[in-house]
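Engineer: Input file: query_7.cif. Contents: mmCIF, C-alpha atoms and all ligand atoms.
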```cif
data_query
#
loop_
_atom_site.label_atom_id
_atom_site.label_comp_id
_atom_site.auth_asym_id
_atom_site.auth_seq_id
_atom_site.Cartn_x
_atom_site.Cartn_y
_atom_site.Cartn_z
CA MET A 3 -3.99 6.47 -37.99
CA ALA A 4 -3.66 8.33 -34.75
CA VAL A 5 -3.31 6.24 -31.64
CA LYS A 6 -6.15 7.31 -29.36
CA GLU A 7 -5.71 5.01 -26.42
CA LEU A 8 -2.46 4.09 -24.76
CA PRO A 9 -1.61 0.42 -24.81
CA VAL A 10 -1.95 -1.15 -21.37
CA VAL A 11 0.62 -3.77 -20.20
CA PRO A 12 0.34 -6.26 -23.04
CA SER A 13 0.79 -9.48 -21.08
CA ALA A 14 -0.93 -9.04 -17.72
CA ARG A 15 -4.38 -7.55 -17.26
CA PRO A 16 -4.31 -4.30 -15.25
CA GLY A 17 -4.65 -4.78 -11.52
CA THR A 18 -4.81 -8.58 -11.66
CA MET A 19 -2.82 -8.91 -8.43
CA ALA A 20 -5.74 -7.32 -6.57
CA ALA A 21 -8.10 -9.99 -7.84
CA GLY A 22 -5.93 -12.82 -6.57
CA ALA A 23 -4.98 -11.22 -3.24
CA ALA A 24 -5.26 -13.46 -0.15
CA MET A 25 -3.17 -11.83 2.57
CA GLU A 26 -4.78 -13.97 5.30
CA ARG A 27 -2.10 -16.46 4.23
CA ILE A 28 0.63 -14.25 5.68
CA ARG A 29 -1.13 -11.89 8.08
CA GLU A 30 -0.48 -12.33 11.80
CA ARG A 31 -2.45 -9.34 13.10
CA ARG A 32 -5.31 -7.24 11.83
CA PRO A 33 -6.42 -3.70 12.60
CA VAL A 34 -9.65 -3.15 14.51
CA PHE A 35 -11.24 0.33 14.53
CA GLU A 36 -13.00 2.16 17.32
CA LYS A 37 -15.66 4.07 15.48
CA GLN A 38 -16.38 6.47 18.39
CA LYS A 39 -12.77 7.66 18.50
CA CYS A 40 -12.19 8.00 14.74
CA ASN A 41 -12.55 11.55 13.39
CA LEU A 42 -12.27 10.46 9.74
CA CYS A 43 -9.05 12.42 9.22
CA ARG A 44 -8.05 9.77 6.59
CA GLU A 45 -4.40 9.75 7.54
CA CYS A 46 -4.35 5.96 7.91
CA LEU A 47 -5.60 5.61 4.32
CA PHE A 48 -2.50 7.39 3.05
CA TYR A 49 -0.02 5.50 5.21
CA CYS A 50 -1.19 2.00 4.28
CA PRO A 51 1.31 0.51 1.81
CA ASP A 52 -1.27 -2.02 0.67
CA ALA A 53 -4.30 0.08 -0.25
CA ALA A 54 -6.32 -1.87 2.32
CA LEU A 55 -8.19 1.04 3.92
CA ALA A 56 -11.10 3.11 2.68
CA VAL A 57 -13.84 5.29 4.11
CA ASP A 58 -17.13 3.60 3.43
CA GLN A 59 -20.49 4.93 4.67
CA GLY A 60 -18.89 7.20 7.23
CA GLU A 61 -16.39 4.78 8.70
CA VAL A 62 -12.93 3.41 7.96
CA ARG A 63 -12.98 -0.17 6.74
CA VAL A 64 -10.16 -2.58 6.10
CA ASP A 65 -10.11 -4.89 3.10
CA LEU A 66 -8.69 -8.09 4.55
CA ARG A 67 -7.75 -9.45 1.14
CA PHE A 68 -5.07 -6.72 1.00
CA CYS A 69 -4.08 -6.02 4.62
CA LYS A 70 -0.76 -7.62 5.53
CA GLY A 71 -1.04 -6.58 9.18
CA CYS A 72 2.01 -4.31 9.25
CA GLY A 73 0.48 -2.10 11.96
CA ILE A 74 1.51 1.24 10.43
CA CYS A 75 -2.09 2.49 10.53
CA ALA A 76 -2.31 1.74 14.27
CA VAL A 77 0.97 3.54 15.00
CA GLU A 78 0.04 6.57 12.88
CA CYS A 79 -3.60 7.15 13.86
CA PRO A 80 -3.46 10.49 15.71
CA VAL A 81 -6.32 9.57 18.07
CA ARG A 82 -5.33 5.92 18.61
CA ALA A 83 -8.55 4.59 17.19
CA ILE A 84 -6.85 1.50 15.75
CA THR A 85 -5.69 -1.59 17.66
CA MET A 86 -3.88 -4.55 16.15
CA VAL A 87 -5.32 -7.89 17.27
CA PRO A 88 -3.78 -11.32 16.71
CA GLU A 89 -5.16 -13.14 13.71
CA TYR A 90 -4.81 -16.62 15.13
CA ALA A 91 -7.17 -17.35 17.96
CA GLY A 92 -7.68 -20.37 20.16
CA ASN A 93 -5.32 -23.20 20.92
CA ARG A 94 -5.54 -24.68 17.43
CA GLY A 95 -4.66 -21.44 15.67
CA PHE A 96 -7.70 -21.12 13.43
CA ILE A 97 -7.85 -18.17 11.10
CA GLU A 98 -10.86 -16.09 12.10
CA LYS A 99 -12.74 -15.06 9.00
CA MET B 12 -3.56 24.44 -11.24
CA GLU B 13 -5.44 23.74 -8.01
CA LEU B 14 -3.19 22.10 -5.46
CA ILE B 15 -4.71 19.38 -3.30
CA LYS B 16 -5.21 20.92 0.14
CA THR B 17 -6.82 18.12 2.14
CA LEU B 18 -6.66 14.33 2.04
CA ALA B 19 -10.41 14.19 1.40
CA GLU B 20 -9.86 15.74 -2.08
CA VAL B 21 -7.50 13.01 -3.24
CA PRO B 22 -8.91 10.61 -5.86
CA GLU B 23 -9.92 7.22 -4.47
CA ASP B 24 -8.64 5.22 -7.46
CA GLU B 25 -5.75 2.90 -6.71
CA LEU B 26 -3.53 2.72 -9.79
CA PHE B 27 -1.07 0.52 -7.89
CA THR B 28 -3.43 -1.92 -6.22
CA GLY B 29 -3.38 -3.96 -3.05
CA GLY B 30 -2.28 -7.54 -3.39
CA HIS B 31 1.23 -6.55 -4.53
CA GLY B 32 4.26 -8.54 -3.44
CA GLY B 33 5.97 -6.00 -1.16
CA CYS B 34 6.85 -6.90 2.42
CA ARG B 35 4.61 -5.80 5.23
CA GLY B 36 5.04 -2.08 5.82
CA CYS B 37 7.00 -1.48 2.58
CA GLY B 38 7.97 2.19 2.24
CA ALA B 39 8.68 1.76 -1.47
CA ALA B 40 5.15 0.55 -2.23
CA LEU B 41 3.78 3.36 -0.07
CA ALA B 42 5.66 5.99 -2.08
CA VAL B 43 4.23 4.62 -5.33
CA ARG B 44 0.70 4.49 -3.93
CA GLN B 45 0.84 8.11 -2.80
CA ALA B 46 2.34 9.38 -6.06
CA MET B 47 0.00 7.44 -8.35
CA LYS B 48 -2.96 9.18 -6.68
CA VAL B 49 -1.96 12.38 -8.46
CA LEU B 50 -0.02 11.11 -11.48
CA GLY B 51 -3.28 9.52 -12.60
CA PRO B 52 -4.21 7.09 -15.37
CA ARG B 53 -2.48 9.02 -18.20
CA THR B 54 0.93 7.88 -16.97
CA ILE B 55 3.52 5.48 -18.36
CA ILE B 56 5.89 4.19 -15.73
CA ASN B 57 9.27 2.61 -16.23
CA ILE B 58 11.14 0.96 -13.36
CA PRO B 59 14.58 -0.68 -13.53
CA ALA B 60 15.72 -3.69 -11.47
CA SER B 61 14.73 -3.04 -7.82
CA CYS B 62 12.13 -4.06 -5.27
CA MET B 63 9.57 -1.83 -6.99
CA ALA B 64 10.17 -3.50 -10.35
CA THR B 65 9.33 -6.90 -8.94
CA ILE B 66 6.65 -6.43 -6.29
CA GLY B 67 4.14 -5.13 -8.85
CA GLY B 68 4.03 -8.53 -10.52
CA SER B 69 5.42 -10.40 -13.46
CA GLY B 70 4.18 -10.76 -16.99
CA LEU B 71 1.23 -12.82 -15.79
CA THR B 72 -0.28 -10.71 -13.02
CA THR B 73 0.27 -7.07 -12.13
CA ALA B 74 -0.69 -4.55 -9.47
CA TRP B 75 -0.31 -1.72 -11.98
CA LYS B 76 -3.30 -0.18 -13.69
CA VAL B 77 -1.17 2.01 -15.96
CA PRO B 78 1.35 0.90 -18.58
CA PHE B 79 4.38 -0.30 -16.66
CA TYR B 80 7.69 -1.32 -18.16
CA HIS B 81 10.43 -3.12 -16.24
CA SER B 82 13.69 -1.93 -17.82
CA LEU B 83 17.25 -3.06 -17.34
CA PHE B 84 19.05 -1.57 -14.37
CA GLU B 85 21.22 0.95 -16.19
CA CYS B 86 18.69 2.64 -18.37
CA ALA B 87 15.31 3.71 -16.92
CA PRO B 88 15.74 7.41 -17.81
CA ALA B 89 16.94 6.44 -21.30
CA VAL B 90 13.94 4.17 -21.82
CA ALA B 91 11.66 6.94 -20.54
CA SER B 92 13.28 9.33 -23.03
CA GLY B 93 12.44 6.86 -25.81
CA ILE B 94 8.86 6.49 -24.62
CA ARG B 95 8.50 10.28 -24.72
CA ALA B 96 9.91 10.40 -28.26
CA ALA B 97 7.45 7.72 -29.36
CA LEU B 98 4.53 9.68 -27.86
CA ASP B 99 5.73 12.93 -29.43
CA ILE B 100 5.90 11.44 -32.90
CA GLN B 101 2.29 10.28 -32.48
CA GLY B 102 1.23 13.72 -31.28
CA ILE B 103 0.21 12.42 -27.82
CA LYS B 104 0.82 15.19 -25.32
CA ASP B 105 -1.21 14.56 -22.17
CA VAL B 106 0.88 11.70 -20.74
CA ASN B 107 3.27 11.71 -17.78
CA VAL B 108 6.37 9.70 -18.62
CA VAL B 109 8.04 8.60 -15.41
CA SER B 110 11.22 6.71 -14.70
CA TRP B 111 11.00 5.49 -11.14
CA ALA B 112 14.14 3.95 -9.68
CA GLY B 113 15.64 2.97 -6.36
CA ASP B 114 18.69 4.68 -4.94
CA ALA B 115 20.97 2.25 -6.81
CA GLY B 116 19.03 2.67 -10.05
CA THR B 117 19.38 6.44 -9.57
CA ALA B 118 22.70 7.25 -7.91
CA ASP B 119 24.88 4.27 -8.89
CA ILE B 120 24.09 1.74 -11.60
CA GLY B 121 21.52 3.95 -13.35
CA PHE B 122 23.43 7.18 -12.99
CA GLN B 123 24.90 7.51 -16.49
CA SER B 124 21.50 7.37 -18.16
CA LEU B 125 20.05 9.72 -15.52
CA THR B 126 22.68 12.41 -16.00
CA GLY B 127 22.30 11.98 -19.78
CA ALA B 128 18.54 12.46 -19.70
CA ALA B 129 18.86 15.47 -17.36
CA GLU B 130 21.49 17.10 -19.57
CA ARG B 131 19.39 16.55 -22.72
CA GLN B 132 16.46 18.13 -20.84
CA GLU B 133 14.22 15.19 -21.64
CA ASN B 134 10.56 15.79 -20.91
CA ILE B 135 10.27 13.16 -18.18
CA ILE B 136 9.90 12.91 -14.40
CA HIS B 137 12.60 10.88 -12.68
CA VAL B 138 11.74 9.66 -9.20
CA CYS B 139 14.27 8.19 -6.82
CA TYR B 140 12.68 6.19 -4.02
CA ASP B 141 15.47 6.03 -1.53
CA ASN B 142 15.77 3.23 1.03
CA GLU B 143 19.50 3.87 1.26
CA THR B 144 20.53 0.34 0.24
CA TYR B 145 20.24 -2.28 -2.50
CA MET B 146 17.27 -4.01 -0.91
CA ASN B 147 16.22 -6.28 -3.75
CA THR B 148 19.51 -8.15 -3.64
CA GLY B 149 19.87 -8.25 0.14
CA GLY B 150 20.58 -4.72 1.32
CA GLN B 151 24.14 -4.07 0.13
CA ALA B 152 25.65 -0.61 0.62
CA GLY B 153 25.59 1.94 -2.18
CA SER B 154 26.75 5.51 -2.60
CA VAL B 155 23.77 6.98 -0.74
CA THR B 156 23.96 4.54 2.16
CA PRO B 157 24.65 6.69 5.23
CA TYR B 158 27.93 6.88 7.09
CA GLN B 159 28.38 4.06 9.63
CA ALA B 160 25.33 2.07 8.46
CA ILE B 161 25.76 -1.67 8.85
CA THR B 162 24.93 -3.63 5.69
CA PRO B 163 25.91 -7.16 4.55
CA ASP B 164 28.99 -5.75 2.83
CA THR B 165 29.85 -3.09 5.42
CA PRO B 166 29.54 -5.26 8.55
CA ALA B 167 31.44 -2.77 10.72
CA GLY B 168 29.49 0.22 9.37
CA LYS B 169 29.95 2.13 6.08
CA PRO B 170 33.28 3.97 6.22
CA THR B 171 32.27 6.89 3.95
CA PRO B 172 29.39 9.42 4.06
CA ARG B 173 26.33 9.48 1.85
CA LYS B 174 26.77 11.09 -1.55
CA ASP B 175 24.71 14.28 -2.02
CA MET B 176 22.41 13.33 -4.93
CA LEU B 177 20.32 16.48 -4.60
CA ALA B 178 23.37 18.67 -5.15
CA ILE B 179 24.38 16.52 -8.14
CA MET B 180 20.93 16.78 -9.71
CA ALA B 181 20.69 20.51 -8.92
CA ALA B 182 23.94 20.95 -10.87
CA HIS B 183 22.00 19.85 -13.98
CA HIS B 184 19.74 22.92 -13.46
CA PRO B 185 16.42 21.11 -13.91
CA PRO B 186 13.24 23.25 -14.03
CA TYR B 187 11.87 21.26 -11.07
CA LEU B 188 13.60 19.37 -8.29
CA ALA B 189 12.17 18.29 -4.94
CA THR B 190 12.69 16.13 -1.91
CA ALA B 191 9.73 14.27 -0.44
CA SER B 192 8.88 11.78 2.27
CA VAL B 193 6.27 9.04 2.69
CA ALA B 194 5.49 10.54 6.11
CA TYR B 195 4.18 13.75 4.48
CA PRO B 196 1.74 12.50 1.80
CA LEU B 197 0.08 15.85 1.16
CA ASP B 198 3.44 17.53 0.55
CA LEU B 199 4.51 14.61 -1.67
CA MET B 200 1.34 14.73 -3.74
CA GLN B 201 1.52 18.51 -4.16
CA LYS B 202 5.07 18.14 -5.45
CA PHE B 203 3.94 15.63 -8.06
CA GLN B 204 1.16 18.02 -9.08
CA LYS B 205 3.68 20.82 -9.54
CA ALA B 206 6.12 18.60 -11.43
CA MET B 207 3.35 17.45 -13.78
CA ALA B 208 2.50 21.04 -14.69
CA ILE B 209 6.08 21.76 -15.80
CA GLN B 210 7.74 20.66 -19.06
CA GLY B 211 11.27 19.32 -19.19
CA PHE B 212 13.36 17.20 -16.86
CA ARG B 213 11.91 16.93 -13.35
CA TYR B 214 13.53 15.19 -10.40
CA ILE B 215 11.81 14.05 -7.18
CA HIS B 216 13.75 12.23 -4.46
CA ILE B 217 11.59 10.40 -1.88
CA LEU B 218 12.89 9.02 1.39
CA ALA B 219 11.10 5.66 1.68
CA PRO B 220 12.36 3.56 4.60
CA CYS B 221 12.70 -0.21 4.39
CA PHE B 222 12.36 -1.94 7.76
CA ARG B 223 14.57 -4.85 6.67
CA GLY B 224 17.49 -2.73 5.61
CA TRP B 225 17.16 -0.24 8.47
CA GLY B 226 16.73 -2.68 11.32
CA ILE B 227 13.40 -1.29 12.53
CA ARG B 228 9.96 -2.82 13.07
CA GLU B 229 7.66 -3.00 10.06
CA ASP B 230 5.16 -0.66 11.72
CA GLN B 231 7.85 2.04 12.11
CA THR B 232 8.27 2.81 8.38
CA VAL B 233 6.34 6.08 8.48
CA GLN B 234 7.55 7.04 11.96
CA LEU B 235 11.22 6.83 10.89
CA ALA B 236 10.51 8.73 7.66
CA ARG B 237 9.02 11.50 9.79
CA MET B 238 11.85 11.47 12.30
CA ALA B 239 14.36 11.87 9.46
CA VAL B 240 12.64 15.18 8.71
CA GLU B 241 12.29 16.19 12.36
CA CYS B 242 15.97 15.62 13.08
CA GLY B 243 16.93 17.66 10.02
CA LEU B 244 18.72 14.90 8.12
CA TRP B 245 16.05 14.89 5.41
CA GLN B 246 14.76 18.38 4.67
CA LEU B 247 11.65 18.88 2.57
CA TYR B 248 11.97 21.52 -0.12
CA GLU B 249 11.51 22.15 -3.82
CA GLU B 250 13.47 24.15 -6.38
CA VAL B 251 11.66 25.74 -9.30
CA ASP B 252 14.22 26.96 -11.84
CA GLY B 253 16.82 26.75 -9.09
CA ARG B 254 14.90 28.87 -6.56
CA ARG B 255 14.58 26.93 -3.33
CA ARG B 256 11.50 26.94 -1.13
CA VAL B 257 11.25 24.92 2.06
CA THR B 258 7.86 23.19 2.00
CA VAL B 259 7.74 21.60 5.44
CA VAL B 260 9.19 23.08 8.61
CA PRO B 261 9.05 20.26 11.16
CA GLU B 262 6.72 20.98 14.08
CA ARG B 263 9.38 19.76 16.51
CA ARG B 264 13.13 19.32 16.12
CA ILE B 265 14.67 16.18 17.57
CA PRO B 266 18.36 15.27 17.99
CA VAL B 267 19.74 12.94 15.29
CA ARG B 268 20.60 10.54 18.10
CA GLU B 269 16.88 9.79 18.61
CA TYR B 270 16.52 8.89 14.94
CA LEU B 271 19.70 6.81 14.73
CA ARG B 272 19.21 4.88 17.96
CA LEU B 273 15.93 3.35 16.79
CA GLN B 274 17.70 1.69 13.86
CA GLY B 275 19.68 -1.52 14.17
CA ARG B 276 21.94 -0.52 11.28
CA PHE B 277 23.53 2.29 13.35
CA LYS B 278 24.22 0.25 16.45
CA ASN B 279 27.99 0.61 15.98
CA MET B 280 27.88 4.39 15.77
CA ASP B 281 29.61 5.94 18.77
CA GLU B 282 28.70 9.20 20.51
CA ALA B 283 31.56 11.14 18.89
CA ALA B 284 30.38 10.15 15.39
CA ILE B 285 26.81 11.06 16.32
CA GLN B 286 27.92 14.49 17.57
CA ASP B 287 29.86 15.09 14.32
CA LEU B 288 26.75 14.21 12.35
CA GLN B 289 24.64 16.49 14.57
CA ASP B 290 26.97 19.42 13.86
CA GLU B 291 26.84 18.72 10.13
CA VAL B 292 23.03 18.45 10.20
CA ASP B 293 22.70 21.73 12.14
CA ARG B 294 24.95 23.52 9.64
CA ARG B 295 23.03 22.10 6.68
CA PHE B 296 19.67 22.84 8.33
CA ARG B 297 20.54 26.53 8.74
CA GLU B 298 21.80 26.67 5.16
CA VAL B 299 18.62 25.22 3.64
CA GLN B 300 16.09 26.90 5.93
CA SER B 301 17.54 30.38 5.49
C1 LIG C 401 23.29 -4.51 -14.27
C2 LIG C 401 22.71 -5.16 -13.09
N1 LIG C 401 23.47 -5.31 -11.97
C3 LIG C 401 22.95 -5.87 -10.86
C4 LIG C 401 21.66 -6.34 -10.86
C5 LIG C 401 21.10 -6.99 -9.62
N2 LIG C 401 20.21 -6.12 -8.89
C6 LIG C 401 18.87 -6.14 -9.05
S1 LIG C 401 18.04 -5.06 -8.07
C7 LIG C 401 19.50 -4.55 -7.36
C8 LIG C 401 19.50 -3.50 -6.27
C9 LIG C 401 18.48 -2.43 -6.44
O1 LIG C 401 18.69 -1.42 -5.49
P1 LIG C 401 17.85 -0.08 -5.56
O2 LIG C 401 17.89 0.53 -6.89
O3 LIG C 401 18.30 0.77 -4.43
O4 LIG C 401 16.34 -0.56 -5.32
P2 LIG C 401 15.78 -1.36 -4.03
O5 LIG C 401 15.83 -2.80 -4.37
O6 LIG C 401 16.59 -0.96 -2.86
O7 LIG C 401 14.37 -0.91 -3.88
C10 LIG C 401 20.61 -5.21 -7.92
C11 LIG C 401 22.00 -5.00 -7.50
C12 LIG C 401 20.89 -6.19 -12.04
N3 LIG C 401 19.61 -6.60 -12.12
N4 LIG C 401 21.46 -5.62 -13.15
S1 LIG C 402 -6.14 7.79 11.16
FE1 LIG C 402 -7.45 7.22 12.90
S2 LIG C 402 -8.83 8.96 13.15
FE2 LIG C 402 -7.90 9.19 11.14
S3 LIG C 402 -9.34 8.14 9.73
FE3 LIG C 402 -7.82 6.62 10.33
S4 LIG C 402 -8.76 5.58 12.09
FE4 LIG C 402 -9.86 7.51 11.82
S1 LIG C 403 -2.08 -3.07 9.15
FE1 LIG C 403 -0.81 -2.27 7.48
S2 LIG C 403 -1.62 -3.28 5.64
FE2 LIG C 403 -3.18 -3.50 7.25
S3 LIG C 403 -4.54 -1.74 6.97
FE3 LIG C 403 -3.01 -1.13 8.51
S4 LIG C 403 -1.40 -0.10 7.30
FE4 LIG C 403 -2.65 -1.28 5.86
S1 LIG C 404 12.84 -5.35 1.08
FE1 LIG C 404 12.18 -3.31 1.77
S2 LIG C 404 11.87 -2.07 -0.11
FE2 LIG C 404 11.95 -4.25 -0.69
S3 LIG C 404 9.79 -4.95 -0.73
FE3 LIG C 404 10.61 -5.42 1.32
S4 LIG C 404 10.10 -3.60 2.57
FE4 LIG C 404 9.88 -3.01 0.42
MG MG C 405 17.42 0.93 -2.56
#
```
Could you take the file, read its structure, and then write that structure out as structure tokens?
Structural biologist:
Amino acid sequence: MAVKELPVVPSARPGTMAAGAAMERIRERRPVFEKQKCNLCRECLFYCPDAALAVDQGEVRVDLRFCKGCGICAVECPVRAITMVPEYAGNRGFIEK
Amino acid sequence: MELIKTLAEVPEDELFTGGHGGCRGCGAALAVRQAMKVLGPRTIINIPASCMATIGGSGLTTAWKVPFYHSLFECAPAVASGIRAALDIQGIKDVNVVSWAGDAGTADIGFQSLTGAAERQENIIHVCYDNETYMNTGGQAGSVTPYQAITPDTPAGKPTPRKDMLAIMAAHHPPYLATASVAYPLDLMQKFQKAMAIQGFRYIHILAPCFRGWGIREDQTVQLARMAVECGLWQLYEEVDGRRRVTVVPERRIPVREYLRLQGRFKNMDEAAIQDLQDEVDRRFREVQS
């Protein structure tokens, strides 16, 4: 019998790390976008090592389950539309959701 | 074959998902993400011991959405050859078989199986993601670690220059060979498209900085990858049947000093050594660009 479909990783379900991602546990900064400056060039999407950025309804959005706060997107954005802001705010260091 | 011309044309699917275990700003994970965009779902990937073999998960959870096999260190290209043979015998033709290894898995510990697979003209793509050290075990020096780089086992700087892996692989006369960089995603993705359209042994060597090993900030991964191209140390080209074509001519040329001085690992390098390297880079730049 011909094998029609390739076997997927037999032990772990494909992409399961995405489902359990919770990078707020390690993130110290997060990117904030200035919509007026952004020209939707998409460069930041291709420089994010964590697949955290996407264009959604005409603007770049960050998926905070994935973003580790490395800041590469902010350094690389050609029009400086991205700023990294501290994740912990206030004197008790709450995580802002 | 239609080459991707703009980033807007690239598929949105993430076949190596977020939530993986790489450090912040990991150049290795970035290289995989960019390549998987074009390799697509009909791909089987085989990675030997390295950061990339571990950060995509264990047997229980995985960031991969394609079949992924974590091989022993010495044998990714041999395992990939076996996977190809198994597909061939089943008549399955439309699958990319990729062995994807670090610089150690390519140039050092994995080298015997790599040269074997290249010589046998196996129908696989071998990718070297090069962070110029053995990062998964703490950043030890290997044969492609640059001259004078400080690592845990070369605390005064590496006494010998980097081995020329591209020349070694070119000596196997593969039908396709290319250099790539995570700072030039469009160029990288086009090279994977071209490699996929060719049969036989294909070799792609990606410079993928690691902030820990290089002594840079985590947000400088892409910047340093770009500066390596701009200073001429890492030239972007491809060779189809041995005919070389430069694919990216940097918009500006910078002195190697600018690139080296941003990295903690080169802090021992003196001006005379930098000038020697500059002369070597200039000579090599003229040779490749002409
Ligand atoms: C035969 C063998 N020797 C040593 C090791 C330990 N080891 C695991 S990963 C690694 C270094 C990998 O370096 P590289 O291929 O450059 O990938 P990186 O971790 O830098 O991404 C070493 C020495 C091993 N797993 N197997
Ligand atoms: S890199 Fe900057 S301008 Fe380009 S899409 Fe991202 S935020 Fe917008
Ligand atoms: S900060 Fe880093 S992880 Fe977060 S979106 Fe930007 S590039 Fe991606
Ligand atoms: S040590 Fe370097 S290559 Fe390894 S996961 Fe961290 S950033 Fe990536
Ligand atoms: Mg390495």
Engineer: If the limit is 9 Å from any atom of ligand LIG 403 (chain C), counting only C-alpha atoms and all ligand atoms, which residues qualify? Return them as a VMD selection string.
Structural biologist: (chain A and resid 29 31 to 33 46 to 55 63 to 66 68 to 78 84 86) or (chain B and resid 29 35 to 36 229 to 230)
Engineer: Only residues of chain B matter here; which ones have an atom within 6 Å of chain A, counting only C-alpha atoms? Give them as a list in words.
Structural biologist: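 The answer, sorted by residue number, is Thr28, Gly29, Gly30, Arg35, Gly36, Ala40, Leu41, Gly70, Leu71, Thr72, Thr73, Ala74, Trp75, Lys76, Pro78, Glu229 and Asp230 of chain B.
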Engineer: Let me see if you get this right: every residue at most 10 Å from ligand MG 405 (chain C), counting all atoms listed in the file, written as JSON, numbers by chain.
Structural biologist: {"B": [39, 61, 62, 63, 112, 113, 114, 115, 116, 117, 118, 139, 140, 141, 142, 143, 144, 145, 146, 147, 148, 149, 150, 151, 152, 153, 155, 156, 219, 220, 221, 224]}
Engineer: Using all atoms listed in the file, pick whichever of B:Ala87, B:Leu26, B:Met280, B:Ala129 has the shortest atom-to-atom distance to ligand LIG 401 (chain C).
Structural biologist: B:Ala87
Engineer: Excluding Pro185 in chain B and any residue of its chain fewer than 5 positions from it, enumerate the residues within 9 Å of it, using only C-alpha atoms, and give them as a list in words.
Structural biologist: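 Here the qualifying residues turn out to be Ala129, Glu130, Gln132, Met180, Gly211, Phe212, Arg213, Tyr214, Glu250, Val251, Asp252 and Gly253 of chain B.
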Engineer: For a quick check of understanding, using all atoms listed in the file, which of B:Ser154, B:Ser301, B:Thr17, B:Gln231 has the smallest distance to Lys174 in chain B?
Structural biologist: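 Going through B:Ser154, B:Ser301, B:Thr17, B:Gln231 one by one, the smallest distance to Lys174 in chain B is for B:Ser154.
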Engineer: Quick one: distance from CA of Gln159 in chain B to CA of Thr65 in chain B in Å, one decimal?
Structural biologist: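 These two atoms are separated by 28.8 Å.
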Engineer: Quick one: of B:Asp175, B:Glu85, B:Glu249, B:Glu282, who's nearest to ligand LIG 401 (chain C), counting all atoms listed in the file?
Structural biologist: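 Result for the nearest residue to ligand LIG 401 (chain C): B:Glu85.
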Engineer: Please write out, as AutoDock Vina command-line options, where the centre of an axis-aligned box around all listed atoms of range 207-211 of chain B lies and how long its edges are, in Å to one decimal, after adding 6 Å on each side.
Structural biologist:
```
--center_x 6.9 --center_y 19.6 --center_z -16.5 --size_x 20.8 --size_y 16.3 --size_z 17.4
```
Engineer: Taking 6 positions as the minimum chain separation for residues in the same chain, which residues sit within 6 Å of range 81-83 of chain A when counting all atoms listed in the file? Answer as a list in words.
Structural biologist: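 My list of contacting residues is Phe35, Glu36, Lys39 and Cys40 of chain A.
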Engineer: Skip Arg256 in chain B itself and residues of its chain fewer than 5 positions away, then list as a PDB file with C-alpha atoms, in the coordinates of the input all residues within 12 Å of it, counting all atoms listed in the file.
Structural biologist:
```
ATOM      1  CA  TYR B 187      11.870  21.260 -11.070  1.00  0.00           C
ATOM      2  CA  LEU B 188      13.600  19.370  -8.290  1.00  0.00           C
ATOM      3  CA  ALA B 189      12.170  18.290  -4.940  1.00  0.00           C
ATOM      4  CA  THR B 190      12.690  16.130  -1.910  1.00  0.00           C
ATOM      5  CA  LYS B 202       5.070  18.140  -5.450  1.00  0.00           C
ATOM      6  CA  GLN B 246      14.760  18.380   4.670  1.00  0.00           C
ATOM      7  CA  LEU B 247      11.650  18.880   2.570  1.00  0.00           C
ATOM      8  CA  TYR B 248      11.970  21.520  -0.120  1.00  0.00           C
ATOM      9  CA  GLU B 249      11.510  22.150  -3.820  1.00  0.00           C
ATOM     10  CA  GLU B 250      13.470  24.150  -6.380  1.00  0.00           C
ATOM     11  CA  VAL B 251      11.660  25.740  -9.300  1.00  0.00           C
ATOM     12  CA  VAL B 299      18.620  25.220   3.640  1.00  0.00           C
ATOM     13  CA  GLN B 300      16.090  26.900   5.930  1.00  0.00           C
ATOM     14  CA  SER B 301      17.540  30.380   5.490  1.00  0.00           C
TER      15      SER B 301
END
```
Engineer: Quick one: of B:Glu13, B:Ala181, B:Ala19, B:Lys48, who's nearest to ligand LIG 402 (chain C), counting only C-alpha atoms and all ligand atoms?
Structural biologist: B:Ala19
Engineer: Could you tell me how far CA of Ala191 in chain B sits from CA of Ala208 in chain B, in Å to one decimal place?
Structural biologist: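 Calculated distance between CA of Ala208 in chain B and CA of Ala191 in chain B is 17.4 Å.
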Engineer: If I take CA of Glu241 in chain B and CA of Asp281 in chain B, how far is one from the other in Å, to one decimal?
Structural biologist: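 Going from CA of Glu241 in chain B over to CA of Asp281 in chain B, I get 21.1 Å.
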